[in-house]
$ cat entry_15.cif   # mmCIF, C-alpha atoms; chains and numbers go by the auth columns
data_run
#
loop_
_atom_site.group_PDB
_atom_site.id
_atom_site.type_symbol
_atom_site.label_atom_id
_atom_site.label_comp_id
_atom_site.label_asym_id
_atom_site.label_seq_id
_atom_site.Cartn_x
_atom_site.Cartn_y
_atom_site.Cartn_z
_atom_site.B_iso_or_equiv
_atom_site.auth_seq_id
_atom_site.auth_asym_id
ATOM 1 C CA MET A 1 26.043 -231.020 -36.171 0.00 772 M
ATOM 2 C CA ARG A 2 22.544 -231.864 -37.334 0.00 773 M
ATOM 3 C CA ASN A 3 21.785 -228.293 -38.399 0.00 774 M
ATOM 4 C CA LEU A 4 25.129 -227.958 -40.159 0.00 775 M
ATOM 5 C CA THR A 5 24.530 -231.139 -42.146 0.00 776 M
ATOM 6 C CA GLU A 6 20.973 -230.109 -43.000 0.00 777 M
ATOM 7 C CA ALA A 7 22.281 -226.763 -44.281 0.00 778 M
ATOM 8 C CA LEU A 8 24.993 -228.506 -46.280 0.00 779 M
ATOM 9 C CA PHE A 9 22.344 -230.809 -47.773 0.00 780 M
ATOM 10 C CA ALA A 10 20.160 -227.848 -48.746 0.00 781 M
ATOM 11 C CA GLU A 11 23.056 -226.057 -50.426 0.00 782 M
ATOM 12 C CA THR A 12 24.734 -228.959 -52.218 0.00 783 M
ATOM 13 C CA ASN A 13 22.152 -231.645 -52.942 0.00 784 M
ATOM 14 C CA ALA A 14 21.182 -230.092 -56.286 0.00 785 M
ATOM 15 C CA ILE A 15 24.771 -230.392 -57.518 0.00 786 M
ATOM 16 C CA GLY A 16 25.102 -234.031 -56.471 0.00 787 M
ATOM 17 C CA ILE A 17 26.801 -233.719 -53.100 0.00 788 M
ATOM 18 C CA LYS A 18 24.960 -235.900 -50.606 0.00 789 M
ATOM 19 C CA SER A 19 24.817 -235.465 -46.831 0.00 790 M
ATOM 20 C CA THR A 20 23.574 -237.726 -44.046 0.00 791 M
ATOM 21 C CA VAL A 21 23.265 -237.030 -40.326 0.00 792 M
ATOM 22 C CA ILE A 22 24.074 -240.257 -38.473 0.00 793 M
ATOM 23 C CA TYR A 23 22.687 -240.808 -34.988 0.00 794 M
ATOM 24 C CA PRO A 24 24.648 -243.756 -33.589 0.00 795 M
ATOM 25 C CA GLY A 25 23.437 -245.867 -30.740 0.00 796 M
ATOM 26 C CA ALA A 26 25.703 -247.897 -28.490 0.00 797 M
ATOM 27 C CA PHE A 27 28.026 -250.277 -30.338 0.00 798 M
ATOM 28 C CA ARG A 28 30.221 -253.056 -28.944 0.00 799 M
ATOM 29 C CA THR A 29 33.710 -251.574 -29.208 0.00 800 M
ATOM 30 C CA ASN A 30 36.612 -251.074 -26.819 0.00 801 M
ATOM 31 C CA PHE A 31 35.627 -247.453 -26.199 0.00 802 M
ATOM 32 C CA LEU A 32 34.345 -248.095 -22.658 0.00 803 M
ATOM 33 C CA ASN A 33 37.238 -250.345 -21.602 0.00 804 M
ATOM 34 C CA ASP A 34 39.702 -249.144 -18.969 0.00 805 M
ATOM 35 C CA THR A 35 42.417 -249.055 -21.629 0.00 806 M
ATOM 36 C CA SER A 36 40.436 -246.542 -23.681 0.00 807 M
ATOM 37 C CA LEU A 37 38.355 -244.505 -21.248 0.00 808 M
ATOM 38 C CA LYS A 38 40.242 -242.529 -18.624 0.00 809 M
ATOM 39 C CA THR A 39 38.434 -241.060 -15.650 0.00 810 M
ATOM 40 C CA PRO A 40 39.655 -238.383 -13.243 0.00 811 M
ATOM 41 C CA SER A 41 41.324 -239.421 -10.016 0.00 812 M
ATOM 42 C CA HIS A 42 40.089 -236.286 -8.238 0.00 813 M
ATOM 43 C CA LEU A 43 36.282 -236.332 -8.189 0.00 814 M
ATOM 44 C CA ILE A 44 34.318 -233.095 -8.043 0.00 815 M
ATOM 45 C CA GLU A 45 31.083 -233.330 -6.091 0.00 816 M
ATOM 46 C CA ASP A 46 29.149 -231.173 -8.581 0.00 817 M
ATOM 47 C CA TYR A 47 29.675 -233.844 -11.241 0.00 818 M
ATOM 48 C CA GLU A 48 28.246 -236.747 -9.254 0.00 819 M
ATOM 49 C CA ALA A 49 25.382 -237.270 -11.746 0.00 820 M
ATOM 50 C CA ALA A 50 27.913 -237.537 -14.561 0.00 821 M
ATOM 51 C CA ARG A 51 29.930 -240.085 -12.539 0.00 822 M
ATOM 52 C CA ILE A 52 26.820 -242.215 -11.969 0.00 823 M
ATOM 53 C CA SER A 53 26.123 -242.211 -15.696 0.00 824 M
ATOM 54 C CA GLN A 54 29.768 -242.975 -16.500 0.00 825 M
ATOM 55 C CA LYS A 55 29.819 -245.901 -14.041 0.00 826 M
ATOM 56 C CA TYR A 56 26.651 -247.324 -15.574 0.00 827 M
ATOM 57 C CA TYR A 57 28.091 -247.201 -19.077 0.00 828 M
ATOM 58 C CA GLN A 58 31.458 -248.561 -18.018 0.00 829 M
ATOM 59 C CA ASN A 59 30.255 -251.301 -15.668 0.00 830 M
ATOM 60 C CA GLU A 60 26.829 -252.306 -16.961 0.00 831 M
ATOM 61 C CA LEU A 61 26.606 -251.420 -20.641 0.00 832 M
ATOM 62 C CA ASN A 62 30.187 -252.185 -21.670 0.00 833 M
ATOM 63 C CA GLY A 63 30.204 -255.415 -23.679 0.00 834 M
ATOM 64 C CA ASN A 64 26.404 -255.570 -23.737 0.00 835 M
ATOM 65 C CA GLN A 65 25.751 -252.889 -26.340 0.00 836 M
ATOM 66 C CA GLN A 66 23.177 -253.887 -28.958 0.00 837 M
ATOM 67 C CA GLY A 67 25.047 -252.484 -31.933 0.00 838 M
ATOM 68 C CA ASP A 68 27.446 -254.529 -34.036 0.00 839 M
ATOM 69 C CA PRO A 69 30.278 -252.290 -35.321 0.00 840 M
ATOM 70 C CA GLU A 70 30.814 -254.471 -38.399 0.00 841 M
ATOM 71 C CA LYS A 71 27.171 -254.070 -39.440 0.00 842 M
ATOM 72 C CA PHE A 72 27.475 -250.339 -38.759 0.00 843 M
ATOM 73 C CA ALA A 73 30.450 -250.146 -41.131 0.00 844 M
ATOM 74 C CA GLU A 74 28.557 -252.097 -43.806 0.00 845 M
ATOM 75 C CA VAL A 75 25.606 -249.699 -43.604 0.00 846 M
ATOM 76 C CA ILE A 76 27.866 -246.644 -43.810 0.00 847 M
ATOM 77 C CA ILE A 77 29.563 -248.050 -46.911 0.00 848 M
ATOM 78 C CA GLU A 78 26.177 -248.705 -48.546 0.00 849 M
ATOM 79 C CA ILE A 79 24.990 -245.180 -47.677 0.00 850 M
ATOM 80 C CA ALA A 80 28.161 -243.742 -49.226 0.00 851 M
ATOM 81 C CA LYS A 81 27.484 -245.672 -52.438 0.00 852 M
ATOM 82 C CA SER A 82 23.808 -244.685 -52.561 0.00 853 M
ATOM 83 C CA ASN A 83 22.472 -242.225 -55.124 0.00 854 M
ATOM 84 C CA ASN A 84 19.725 -241.208 -52.706 0.00 855 M
ATOM 85 C CA PRO A 85 20.995 -241.550 -49.113 0.00 856 M
ATOM 86 C CA PRO A 86 18.739 -240.554 -46.220 0.00 857 M
ATOM 87 C CA LEU A 87 19.269 -237.148 -44.664 0.00 858 M
ATOM 88 C CA HIS A 88 18.785 -238.653 -41.176 0.00 859 M
ATOM 89 C CA LEU A 89 19.925 -242.166 -40.253 0.00 860 M
ATOM 90 C CA PHE A 90 19.351 -243.667 -36.812 0.00 861 M
ATOM 91 C CA MET A 91 21.815 -246.490 -36.238 0.00 862 M
ATOM 92 C CA GLY A 92 20.444 -248.866 -33.643 0.00 863 M
ATOM 93 C CA ARG A 93 17.150 -249.282 -31.854 0.00 864 M
ATOM 94 C CA ASP A 94 18.477 -247.320 -28.869 0.00 865 M
ATOM 95 C CA ALA A 95 19.303 -244.308 -31.055 0.00 866 M
ATOM 96 C CA TYR A 96 15.888 -244.474 -32.705 0.00 867 M
ATOM 97 C CA ASN A 97 14.088 -244.743 -29.338 0.00 868 M
ATOM 98 C CA ALA A 98 16.160 -241.915 -27.823 0.00 869 M
ATOM 99 C CA SER A 99 15.020 -239.576 -30.586 0.00 870 M
ATOM 100 C CA TYR A 100 11.440 -239.821 -29.335 0.00 871 M
ATOM 101 C CA LYS A 101 12.417 -238.918 -25.782 0.00 872 M
ATOM 102 C CA LYS A 102 13.683 -235.485 -26.823 0.00 873 M
#

$ encode --input "entry_15.cif" --output "structure tokens"
Amino acid sequence: MRNLTEALFAETNAIGIKSTVIYPGAFRTNFLNDTSLKTPSHLIEDYEAARISQKYYQNELNGNQQGDPEKFAEVIIEIAKSNNPPLHLFMGRDAYNASYKK
């Protein structure tokens, strides 16, 4: 998605169409709740690492995410109104820190 948005920016910025790549961190929403996130009943051994990660997010991170979704929405609205929005926007300290690990 990043490359697509960068290409769109390069092609349309001169005519006033703005583009921003948003890198969201973890935000406190209902996404990780049992009512939203469904997991398979039949576990496949080859995906054990994915299950460990999923359990961490669902059991440890859920409800403790740093990001406030209302602040996220406010920032997105301000970016949309901006005459000079950033091409890349890291939303949350965790998203910013993760970018340096890659």

$ resolve_selection --input "entry_15.cif" --expression "the PyMOL selection byres ((chain M and resi 861-871) around 7)" --output "list of chain:residue names"
M:Ile793, M:Tyr794, M:Pro795, M:Gly796, M:Gly838, M:His859, M:Leu860, M:Lys872, M:Lys873

$ atom_distance --input "entry_15.cif" --atom1 "atom CA of M:Asp839" --atom2 "atom CA of M:Lys826"
21.9 Å

$ closest_residue --input "entry_15.cif" --among "M:Glu849, M:Ala785, M:Thr791, M:Gln829" --to "M:Thr806" --atoms "all atoms listed in the file"
M:Gln829

$ atom_distance --input "entry_15.cif" --atom1 "atom CA of M:Val792" --atom2 "atom CA of M:Leu775"
9.3 Å

$ resolve_selection --input "entry_15.cif" --expression "the PyMOL selection byres ((chain M and resi 840) around 8)" --output "number ranges by chain"
M: 798-800, 838-839, 841-844

$ atom_distance --input "entry_15.cif" --atom1 "atom CA of M:Ile847" --atom2 "atom CA of M:Thr776"
15.9 Å

$ resolve_selection --input "entry_15.cif" --expression "the PyMOL selection byres ((chain M and resi 786-790) around 10)" --output "ChimeraX atom specification"
/M:776-785,791-793,850-851,853-859

$ write_last_selection --input "entry_15.cif" --atoms "C-alpha atoms" --output "PDB file, keeping the file's coordinate frame"
ATOM      1  CA  THR M 776      24.530-231.139 -42.146  1.00  0.00           C
ATOM      2  CA  GLU M 777      20.973-230.109 -43.000  1.00  0.00           C
ATOM      3  CA  ALA M 778      22.281-226.763 -44.281  1.00  0.00           C
ATOM      4  CA  LEU M 779      24.993-228.506 -46.280  1.00  0.00           C
ATOM      5  CA  PHE M 780      22.344-230.809 -47.773  1.00  0.00           C
ATOM      6  CA  ALA M 781      20.160-227.848 -48.746  1.00  0.00           C
ATOM      7  CA  GLU M 782      23.056-226.057 -50.426  1.00  0.00           C
ATOM      8  CA  THR M 783      24.734-228.959 -52.218  1.00  0.00           C
ATOM      9  CA  ASN M 784      22.152-231.645 -52.942  1.00  0.00           C
ATOM     10  CA  ALA M 785      21.182-230.092 -56.286  1.00  0.00           C
ATOM     11  CA  THR M 791      23.574-237.726 -44.046  1.00  0.00           C
ATOM     12  CA  VAL M 792      23.265-237.030 -40.326  1.00  0.00           C
ATOM     13  CA  ILE M 793      24.074-240.257 -38.473  1.00  0.00           C
ATOM     14  CA  ILE M 850      24.990-245.180 -47.677  1.00  0.00           C
ATOM     15  CA  ALA M 851      28.161-243.742 -49.226  1.00  0.00           C
ATOM     16  CA  SER M 853      23.808-244.685 -52.561  1.00  0.00           C
ATOM     17  CA  ASN M 854      22.472-242.225 -55.124  1.00  0.00           C
ATOM     18  CA  ASN M 855      19.725-241.208 -52.706  1.00  0.00           C
ATOM     19  CA  PRO M 856      20.995-241.550 -49.113  1.00  0.00           C
ATOM     20  CA  PRO M 857      18.739-240.554 -46.220  1.00  0.00           C
ATOM     21  CA  LEU M 858      19.269-237.148 -44.664  1.00  0.00           C
ATOM     22  CA  HIS M 859      18.785-238.653 -41.176  1.00  0.00           C
TER      23      HIS M 859
END

$ residues_near_point --input "entry_15.cif" --point "(35.6, -246.6, -26.8)" --cutoff "12 Å" --atoms "only C-alpha atoms" --output "list in words"
Ala797, Phe798, Arg799, Thr800, Asn801, Phe802, Leu803, Asn804, Asp805, Thr806, Ser807, Leu808, Lys809, Tyr828, Gln829, Leu832, Asn833, Gly834, Gln836 and Pro840 of chain M

$ closest_residue --input "entry_15.cif" --among "M:Glu845, M:Arg773, M:Gln825, M:Lys852" --to "M:Thr810" --atoms "all atoms listed in the file"
M:Gln825

$ decode --input "entry_15.cif" --residues "stretch 816-828 of chain M" --atoms "all heavy atoms" --output "PDB file, in the first residue's frame"
ATOM      1  N   GLU M 816      -0.810 -27.223  13.383  1.00  0.00           N
ATOM      2  CA  GLU M 816       0.475 -27.153  14.073  1.00  0.00           C
ATOM      3  C   GLU M 816       1.454 -26.175  13.411  1.00  0.00           C
ATOM      4  O   GLU M 816       2.205 -25.479  14.090  1.00  0.00           O
ATOM      5  CB  GLU M 816       1.083 -28.558  14.134  1.00  0.00           C
ATOM      6  CG  GLU M 816       2.214 -28.690  15.120  1.00  0.00           C
ATOM      7  CD  GLU M 816       2.677 -30.138  15.246  1.00  0.00           C
ATOM      8  OE1 GLU M 816       1.826 -31.010  15.477  1.00  0.00           O
ATOM      9  OE2 GLU M 816       3.885 -30.356  15.097  1.00  0.00           O
ATOM     10  N   ASP M 817       1.440 -26.094  12.097  1.00  0.00           N
ATOM     11  CA  ASP M 817       2.367 -25.215  11.379  1.00  0.00           C
ATOM     12  C   ASP M 817       2.153 -23.737  11.701  1.00  0.00           C
ATOM     13  O   ASP M 817       3.013 -22.907  11.430  1.00  0.00           O
ATOM     14  CB  ASP M 817       2.239 -25.415   9.866  1.00  0.00           C
ATOM     15  CG  ASP M 817       2.744 -26.778   9.418  1.00  0.00           C
ATOM     16  OD1 ASP M 817       3.509 -27.413  10.175  1.00  0.00           O
ATOM     17  OD2 ASP M 817       2.363 -27.207   8.320  1.00  0.00           O
ATOM     18  N   TYR M 818       1.008 -23.407  12.255  1.00  0.00           N
ATOM     19  CA  TYR M 818       0.681 -22.012  12.557  1.00  0.00           C
ATOM     20  C   TYR M 818       0.798 -21.696  14.042  1.00  0.00           C
ATOM     21  O   TYR M 818       0.227 -20.720  14.518  1.00  0.00           O
ATOM     22  CB  TYR M 818      -0.727 -21.685  12.054  1.00  0.00           C
ATOM     23  CG  TYR M 818      -0.833 -21.725  10.554  1.00  0.00           C
ATOM     24  CD1 TYR M 818      -1.427 -22.795   9.904  1.00  0.00           C
ATOM     25  CD2 TYR M 818      -0.319 -20.688   9.781  1.00  0.00           C
ATOM     26  CE1 TYR M 818      -1.512 -22.839   8.524  1.00  0.00           C
ATOM     27  CE2 TYR M 818      -0.404 -20.723   8.402  1.00  0.00           C
ATOM     28  CZ  TYR M 818      -1.004 -21.799   7.782  1.00  0.00           C
ATOM     29  OH  TYR M 818      -1.089 -21.838   6.420  1.00  0.00           O
ATOM     30  N   GLU M 819       1.555 -22.488  14.765  1.00  0.00           N
ATOM     31  CA  GLU M 819       1.693 -22.285  16.206  1.00  0.00           C
ATOM     32  C   GLU M 819       2.253 -20.904  16.542  1.00  0.00           C
ATOM     33  O   GLU M 819       1.790 -20.252  17.473  1.00  0.00           O
ATOM     34  CB  GLU M 819       2.573 -23.383  16.829  1.00  0.00           C
ATOM     35  CG  GLU M 819       2.751 -23.248  18.333  1.00  0.00           C
ATOM     36  CD  GLU M 819       1.445 -23.321  19.127  1.00  0.00           C
ATOM     37  OE1 GLU M 819       0.472 -23.918  18.630  1.00  0.00           O
ATOM     38  OE2 GLU M 819       1.409 -22.767  20.235  1.00  0.00           O
ATOM     39  N   ALA M 820       3.230 -20.418  15.784  1.00  0.00           N
ATOM     40  CA  ALA M 820       3.794 -19.084  16.045  1.00  0.00           C
ATOM     41  C   ALA M 820       2.723 -18.007  15.888  1.00  0.00           C
ATOM     42  O   ALA M 820       2.663 -17.061  16.682  1.00  0.00           O
ATOM     43  CB  ALA M 820       4.969 -18.807  15.115  1.00  0.00           C
ATOM     44  N   ALA M 821       1.870 -18.162  14.902  1.00  0.00           N
ATOM     45  CA  ALA M 821       0.781 -17.204  14.710  1.00  0.00           C
ATOM     46  C   ALA M 821      -0.197 -17.264  15.877  1.00  0.00           C
ATOM     47  O   ALA M 821      -0.708 -16.231  16.320  1.00  0.00           O
ATOM     48  CB  ALA M 821       0.057 -17.486  13.394  1.00  0.00           C
ATOM     49  N   ARG M 822      -0.466 -18.458  16.398  1.00  0.00           N
ATOM     50  CA  ARG M 822      -1.379 -18.605  17.541  1.00  0.00           C
ATOM     51  C   ARG M 822      -0.798 -17.938  18.788  1.00  0.00           C
ATOM     52  O   ARG M 822      -1.511 -17.323  19.560  1.00  0.00           O
ATOM     53  CB  ARG M 822      -1.646 -20.078  17.847  1.00  0.00           C
ATOM     54  CG  ARG M 822      -2.448 -20.780  16.831  1.00  0.00           C
ATOM     55  CD  ARG M 822      -3.896 -20.292  16.820  1.00  0.00           C
ATOM     56  NE  ARG M 822      -4.338 -20.370  15.455  1.00  0.00           N
ATOM     57  CZ  ARG M 822      -4.604 -19.337  14.672  1.00  0.00           C
ATOM     58  NH1 ARG M 822      -4.530 -18.122  15.114  1.00  0.00           N
ATOM     59  NH2 ARG M 822      -4.966 -19.497  13.430  1.00  0.00           N
ATOM     60  N   ILE M 823       0.503 -18.077  18.992  1.00  0.00           N
ATOM     61  CA  ILE M 823       1.145 -17.444  20.151  1.00  0.00           C
ATOM     62  C   ILE M 823       1.003 -15.931  20.062  1.00  0.00           C
ATOM     63  O   ILE M 823       0.654 -15.268  21.036  1.00  0.00           O
ATOM     64  CB  ILE M 823       2.630 -17.869  20.256  1.00  0.00           C
ATOM     65  CG1 ILE M 823       2.721 -19.351  20.621  1.00  0.00           C
ATOM     66  CG2 ILE M 823       3.378 -17.005  21.265  1.00  0.00           C
ATOM     67  CD1 ILE M 823       4.106 -19.943  20.497  1.00  0.00           C
ATOM     68  N   SER M 824       1.242 -15.391  18.881  1.00  0.00           N
ATOM     69  CA  SER M 824       1.084 -13.954  18.671  1.00  0.00           C
ATOM     70  C   SER M 824      -0.368 -13.539  18.880  1.00  0.00           C
ATOM     71  O   SER M 824      -0.653 -12.542  19.561  1.00  0.00           O
ATOM     72  CB  SER M 824       1.546 -13.586  17.262  1.00  0.00           C
ATOM     73  OG  SER M 824       1.322 -12.219  17.007  1.00  0.00           O
ATOM     74  N   GLN M 825      -1.293 -14.277  18.324  1.00  0.00           N
ATOM     75  CA  GLN M 825      -2.720 -13.977  18.466  1.00  0.00           C
ATOM     76  C   GLN M 825      -3.136 -13.998  19.929  1.00  0.00           C
ATOM     77  O   GLN M 825      -3.847 -13.110  20.398  1.00  0.00           O
ATOM     78  CB  GLN M 825      -3.534 -14.966  17.644  1.00  0.00           C
ATOM     79  CG  GLN M 825      -5.038 -14.872  17.834  1.00  0.00           C
ATOM     80  CD  GLN M 825      -5.562 -16.001  18.697  1.00  0.00           C
ATOM     81  OE1 GLN M 825      -5.195 -17.152  18.522  1.00  0.00           O
ATOM     82  NE2 GLN M 825      -6.415 -15.684  19.631  1.00  0.00           N
ATOM     83  N   LYS M 826      -2.680 -14.988  20.690  1.00  0.00           N
ATOM     84  CA  LYS M 826      -3.027 -15.074  22.114  1.00  0.00           C
ATOM     85  C   LYS M 826      -2.466 -13.890  22.889  1.00  0.00           C
ATOM     86  O   LYS M 826      -3.126 -13.367  23.789  1.00  0.00           O
ATOM     87  CB  LYS M 826      -2.520 -16.391  22.702  1.00  0.00           C
ATOM     88  CG  LYS M 826      -3.323 -17.591  22.261  1.00  0.00           C
ATOM     89  CD  LYS M 826      -2.747 -18.869  22.812  1.00  0.00           C
ATOM     90  CE  LYS M 826      -3.489 -20.071  22.265  1.00  0.00           C
ATOM     91  NZ  LYS M 826      -2.894 -21.336  22.728  1.00  0.00           N
ATOM     92  N   TYR M 827      -1.256 -13.470  22.549  1.00  0.00           N
ATOM     93  CA  TYR M 827      -0.677 -12.300  23.209  1.00  0.00           C
ATOM     94  C   TYR M 827      -1.557 -11.069  22.968  1.00  0.00           C
ATOM     95  O   TYR M 827      -1.916 -10.359  23.910  1.00  0.00           O
ATOM     96  CB  TYR M 827       0.742 -12.028  22.713  1.00  0.00           C
ATOM     97  CG  TYR M 827       1.216 -10.642  23.090  1.00  0.00           C
ATOM     98  CD1 TYR M 827       1.588 -10.356  24.393  1.00  0.00           C
ATOM     99  CD2 TYR M 827       1.251  -9.623  22.146  1.00  0.00           C
ATOM    100  CE1 TYR M 827       1.996  -9.074  24.750  1.00  0.00           C
ATOM    101  CE2 TYR M 827       1.651  -8.343  22.496  1.00  0.00           C
ATOM    102  CZ  TYR M 827       2.023  -8.065  23.788  1.00  0.00           C
ATOM    103  OH  TYR M 827       2.416  -6.800  24.143  1.00  0.00           O
ATOM    104  N   TYR M 828      -1.885 -10.828  21.718  1.00  0.00           N
ATOM    105  CA  TYR M 828      -2.692  -9.651  21.397  1.00  0.00           C
ATOM    106  C   TYR M 828      -4.062  -9.728  22.052  1.00  0.00           C
ATOM    107  O   TYR M 828      -4.558  -8.744  22.608  1.00  0.00           O
ATOM    108  CB  TYR M 828      -2.840  -9.483  19.883  1.00  0.00           C
ATOM    109  CG  TYR M 828      -1.614  -8.864  19.273  1.00  0.00           C
ATOM    110  CD1 TYR M 828      -0.614  -9.648  18.730  1.00  0.00           C
ATOM    111  CD2 TYR M 828      -1.442  -7.490  19.289  1.00  0.00           C
ATOM    112  CE1 TYR M 828       0.524  -9.073  18.189  1.00  0.00           C
ATOM    113  CE2 TYR M 828      -0.310  -6.908  18.750  1.00  0.00           C
ATOM    114  CZ  TYR M 828       0.665  -7.705  18.205  1.00  0.00           C
ATOM    115  OH  TYR M 828       1.796  -7.132  17.688  1.00  0.00           O
TER     116      TYR M 828
END
